[in-house]
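What follows is a set of notes on a single structure, which appears directly below.
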Amino acid sequence: MSLRKRYFISLIFIALSSAAFGQAATTPFSTFGIGEPYGNALIQSQGMGGVGVSHPQFWSINNQNPALLVFNYYTSFQAGALLESRTLKSDSISQKGVNGNLNYLVTAFPIKTGKWATSIGLMPYTNVNYKLSYQEQVIDNQTNLPIDTAGVLEQGNGGLTQLYWSNGIRITKDFSVGLKATYLFGSVNRDYSNLLAVENQPLSYIVGIKEQTYVKDFMFTGGLSFSKDSLFKDDFRFSAGLTYSFSSDLKASKTTVIQRRVTTGTPITSDTLIIERGHMRVPSGLTVGLSLSKGSKWTIGTEFSVQDWAKFENINNEDENLEKTLRVSLGGEFTPDVLASNYLKRIIYRVGMSYEKNPFVIEKQAGSGIYKSVKDIGINFGLSLPTGYSSLDLGFRIGKRGDKAENIFEETYYKIFFGITFNDKWFIKRKFD
């Protein structure tokens with residue numbers, strides 16, 4: 001079977017199998033802003049803790065810095081799927097969710113080998129998937145005293161998808177630049193319902209409000225890469241990279257509907273209250289990184305990124321009390337002997353770790369008025385199993401987000417990444433002597 005046939009059959013298999021997965025696992029952290037970001041790292045970078053903005057990759061696609069596409073001398077196709085488990089804990093409850101989804105479909109190929117390369121991809125940008133249930137007091141408007149209790153249910157789903165086109169161009173022997181144009185589209189759906197608990201007189205219906213915010217617009221990211229061979233010794237390469245995501249005002253429309261529902265949740269009546277059109281502001285972001293490699297033997301790298309989500313605005317011009325996010329990561333990969341007859345020595349092994357201060361803040365204790373930042377710490381592992389010029393790729397991440405002592409609840413999670421990489425010499429003019 002030809003490489004091209006194997007590629008298309010594998011893509012169909014992944015697409016069909018992932019269709020049963022649905023969304024990512026439920027997490028209350030996806031209630032904020034436009035949802036929880038997925039990030040742009042493909043599975044090779046995921047195995048290194050997300051490091052990649054400065055790391056030239058010859059046998060896979062670097063999706064984090066468009067300037068590094070010039071190192072793709074082959075036509076590459078990559079597809080990946082994600083399986084994740086999250087466990088949410090507080091002092092009184094514990095809840096676990098498991099789910100998965102198709103993570104990305106990406107292709108890249110050289111326009112002029114070593115000088116100009118391009119990439120097209122489709123992958124999630126953010127995820128929204130949460131369900132919150134709690135009791136809320138009903139306050140008398142005249143006495144300002146509680147007179148009853150209502151059961152409130154908040155839930156959300158959806159998220160944004162990105163379809164992008166990236167180009168990298170080498171401007172000198174050591175420097176290259178890149179530009180990524182991303183078309184974002186999708187909807188964030190939120191639902192609020194409450195049931196008044198009247199003693200001995202249960203209500204036969206629930207009042208619900210349904211909001212759908214649909215987003216579609218472009219955003220742009222620029223990249224710069226410096227990569228120098230023989231900077232220290234003949235077989236060493238030093239690389240530095242930078243990406244800047246420009247602030248974007250995304251076109252958005254929001255529809256608000258009020259519904260009367262039976263206790264099973266089925267609406268009896270439905271009336272559209274508001275249809276709004278406006279913009280959602282996504283703040284700019286900066287990532288810088290450094291890496292050092294020795295031939296095809298090993299690579300080690302680190303990177304730092306910052307994005308000021310305090311400048312985020314939803315369609316109602318609200319900032320949603322978000323703050324600046326910071327991320328630091330360190331990772332590397334090691335291949336014992338790429339030319340060895342022993343298969344285990346040709347496997348690429350990866351490890352990494354990252355620390356991130358998330359953009360949202362959580363109240364330390366209910367009603368305390370003291371809000372604390374949410375930290376995310378994780379360790380990553382990964383490997384690529386070579387099959388000629390191509391590979392089967394695996395990654396694993398285990399981490400913890402939040403702290404019960406600081407944020408009321410905490411979330412422990414693990415993520416398993418499955419991927420395939422196909423490389424072939426397409427679009428290259430053959431020469432015969």
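Letters A, B, ... mark the chains of the structure tokens in the order given; residue numbers begin at 1 per chain; ligand numbers begin at 1, in order shown.
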
Within 9 Å of Ile416 (chain A), counting only C-alpha atoms, which residues qualify if same-chain residues fewer than 2 places away don't, as a ChimeraX atom specification? /A:81-85,394-398,414,418

Pull the strand (DSSP E or B) assignments for region 59-221 of chain A out of DSSP run on the backbone, and list those residues as an MDAnalysis selection string. chainID A and resid 75:89 94:112 116:124 126:139 146:170 175:196 206:221

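In terms of minimum interatomic distance to Leu242 (chain A), A:Val53 ranks closest within A:Leu179, A:Gly159, A:Val53, A:Gly33, counting only C-alpha atoms.
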
Let me make sure I understand: among A:Ile111, A:Leu102, A:Ala41, A:Ala67, which one has the smallest atom-to-atom distance to Lys425 (chain A) if we use only C-alpha atoms?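 Looking at the shortest contact to Lys425 (chain A), the residue is A:Ile111.
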
Could you go through region 153-391 of chain A and tell me which residues DSSP, when run on the backbone, assigns to alpha helix (DSSP H), listing them as a PDB file with C-alpha atoms, in the first residue's frame?
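result03.pdb written:
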```
ATOM      1  CA  TYR A 343      14.981  -0.369  17.026  1.00  0.00           C
ATOM      2  CA  LEU A 344      14.859   0.832  20.639  1.00  0.00           C
ATOM      3  CA  LYS A 345      17.894   3.038  19.993  1.00  0.00           C
ATOM      4  CA  ARG A 346      16.108   4.792  17.114  1.00  0.00           C
TER       5      ARG A 346
END
```

Fewer than 2 positions away in the same chain doesn't count, so skip those; otherwise give me all residues within 12 Å of Ser94 (chain A), counting only C-alpha atoms, as JSON, numbers by chain. {"A": [86, 87, 88, 89, 90, 91, 92, 96, 97, 404, 409, 410, 411, 412]}

Go ahead and save the picked residues with C-alpha atoms, as a tab-separated table (two decimals), in the first residue's frame.
```tsv
chain	number	residue	atom	x	y	z
A	86	ARG	CA	-9.96	15.25	35.27
A	87	THR	CA	-10.76	14.88	38.97
A	88	LEU	CA	-12.17	17.90	40.77
A	89	LYS	CA	-11.96	18.00	44.56
A	90	SER	CA	-13.06	20.33	47.33
A	91	ASP	CA	-13.39	19.77	51.05
A	92	SER	CA	-16.83	18.22	50.55
A	96	LYS	CA	-14.28	12.74	37.92
A	97	GLY	CA	-14.74	13.11	34.17
A	404	LYS	CA	-8.10	23.71	47.88
A	409	PHE	CA	-11.20	23.40	44.86
A	410	GLU	CA	-8.38	21.79	42.91
A	411	GLU	CA	-8.21	19.74	39.74
A	412	THR	CA	-5.83	16.85	39.07
```

Separation of CA of Gln46 (chain A) from CA of Ile169 (chain A), in Å and rounded to one decimal: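 Answer for the CA of Gln46 (chain A) to CA of Ile169 (chain A) separation: 24.8 Å.
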
Between CA of Tyr74 (chain A) and CA of Gly178 (chain A), what distance in Å does the model show, to one decimal?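 CA of Tyr74 (chain A) sits 18.0 Å away from CA of Gly178 (chain A).
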
Hey, could you make a per-residue contact list for region 301-328 of chain A against region 289-295 of chain A with 9 Å as the cut-off, showing the nearest pair of atoms and its distance in Å to one decimal, counting only C-alpha atoms, sorted by chain and number, as JSON lines?
```
{"residue": "A:Gly301", "atom": "CA", "partner": "A:Ser291", "partner_atom": "CA", "distance": 3.9}
{"residue": "A:Thr302", "atom": "CA", "partner": "A:Leu290", "partner_atom": "CA", "distance": 5.6}
{"residue": "A:Glu303", "atom": "CA", "partner": "A:Gly289", "partner_atom": "CA", "distance": 3.9}
{"residue": "A:Phe304", "atom": "CA", "partner": "A:Gly289", "partner_atom": "CA", "distance": 6.3}
{"residue": "A:Ser305", "atom": "CA", "partner": "A:Gly289", "partner_atom": "CA", "distance": 8.6}
```

Give me, as JSON, numbers by chain, all polymer residues having an atom no more than 7 Å from Gln162 (chain A), counting only C-alpha atoms and skipping those fewer than 2 positions away in the same chain. {"A": [122, 123, 124, 125, 160, 164, 182, 183, 184, 185]}

Might you pull out every residue within 12 Å of Ser247 (chain A), with only C-alpha atoms counted and same-chain residues fewer than 2 positions away left off, and present them as a PyMOL selection string? chain A and resi 218-222+244-245+249-250+280-286+307-309+311-313

What separation in Å, quoted to one decimal, exists between CA of Gly208 (chain A) and CA of Arg261 (chain A)?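 For CA of Gly208 (chain A) relative to CA of Arg261 (chain A), the distance reads 7.1 Å.
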
Skip Ile34 (chain A) itself and residues of its chain fewer than 4 positions away, then list as a PyMOL selection string all residues within 8 Å of it, counting only C-alpha atoms. chain A and resi 30+126-128+159-160+188

Can you write out the residues you just picked, keeping N, CA and C atoms, as a PDB file, in the first residue's frame?
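Printed below is selection.pdb as written:
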```pdb
ATOM      1  N   SER A  30     -13.412  26.193  32.436  1.00  0.00           N
ATOM      2  CA  SER A  30     -13.796  26.608  31.086  1.00  0.00           C
ATOM      3  C   SER A  30     -14.966  27.585  31.090  1.00  0.00           C
ATOM      4  N   THR A 126     -10.385  26.859  21.685  1.00  0.00           N
ATOM      5  CA  THR A 126     -10.798  26.834  23.085  1.00  0.00           C
ATOM      6  C   THR A 126     -11.874  25.776  23.281  1.00  0.00           C
ATOM      7  N   ASN A 127     -12.069  25.379  24.525  1.00  0.00           N
ATOM      8  CA  ASN A 127     -13.101  24.411  24.888  1.00  0.00           C
ATOM      9  C   ASN A 127     -13.950  24.971  26.026  1.00  0.00           C
ATOM     10  N   VAL A 128     -15.256  24.778  25.910  1.00  0.00           N
ATOM     11  CA  VAL A 128     -16.193  25.124  26.986  1.00  0.00           C
ATOM     12  C   VAL A 128     -17.001  23.875  27.309  1.00  0.00           C
ATOM     13  N   GLY A 159     -17.179  26.069  22.166  1.00  0.00           N
ATOM     14  CA  GLY A 159     -15.798  26.513  22.056  1.00  0.00           C
ATOM     15  C   GLY A 159     -15.507  26.983  20.645  1.00  0.00           C
ATOM     16  N   LEU A 160     -14.284  27.462  20.440  1.00  0.00           N
ATOM     17  CA  LEU A 160     -13.880  27.993  19.140  1.00  0.00           C
ATOM     18  C   LEU A 160     -12.923  27.027  18.442  1.00  0.00           C
ATOM     19  N   VAL A 188     -20.094  29.690  21.815  1.00  0.00           N
ATOM     20  CA  VAL A 188     -20.049  29.379  23.244  1.00  0.00           C
ATOM     21  C   VAL A 188     -21.484  29.432  23.749  1.00  0.00           C
TER      22      VAL A 188
END
```

Neighbouring residues of Gly50 (chain A) were defined as those with any atom within 8 Å, considering only C-alpha atoms; residues of the same chain fewer than 3 positions away were excluded. Please report them as a PyMOL selection string. chain A and resi 41+45-47+329+331+352+354

Expected file: the selected residues, C-alpha atoms, as a short mmCIF file (atom, residue, chain, number, x, y, z; two decimals), in the first residue's frame:
```
data_model
loop_
_atom_site.label_atom_id
_atom_site.label_comp_id
_atom_site.auth_asym_id
_atom_site.auth_seq_id
_atom_site.Cartn_x
_atom_site.Cartn_y
_atom_site.Cartn_z
CA ALA A 41 1.66 22.49 20.42
CA SER A 45 6.18 19.49 21.57
CA GLN A 46 3.62 18.23 24.09
CA GLY A 47 6.07 15.52 25.12
CA SER A 329 8.39 25.42 30.42
CA GLY A 331 11.93 20.12 28.07
CA GLY A 352 9.38 18.15 30.01
CA SER A 354 5.75 23.48 32.86
#
```
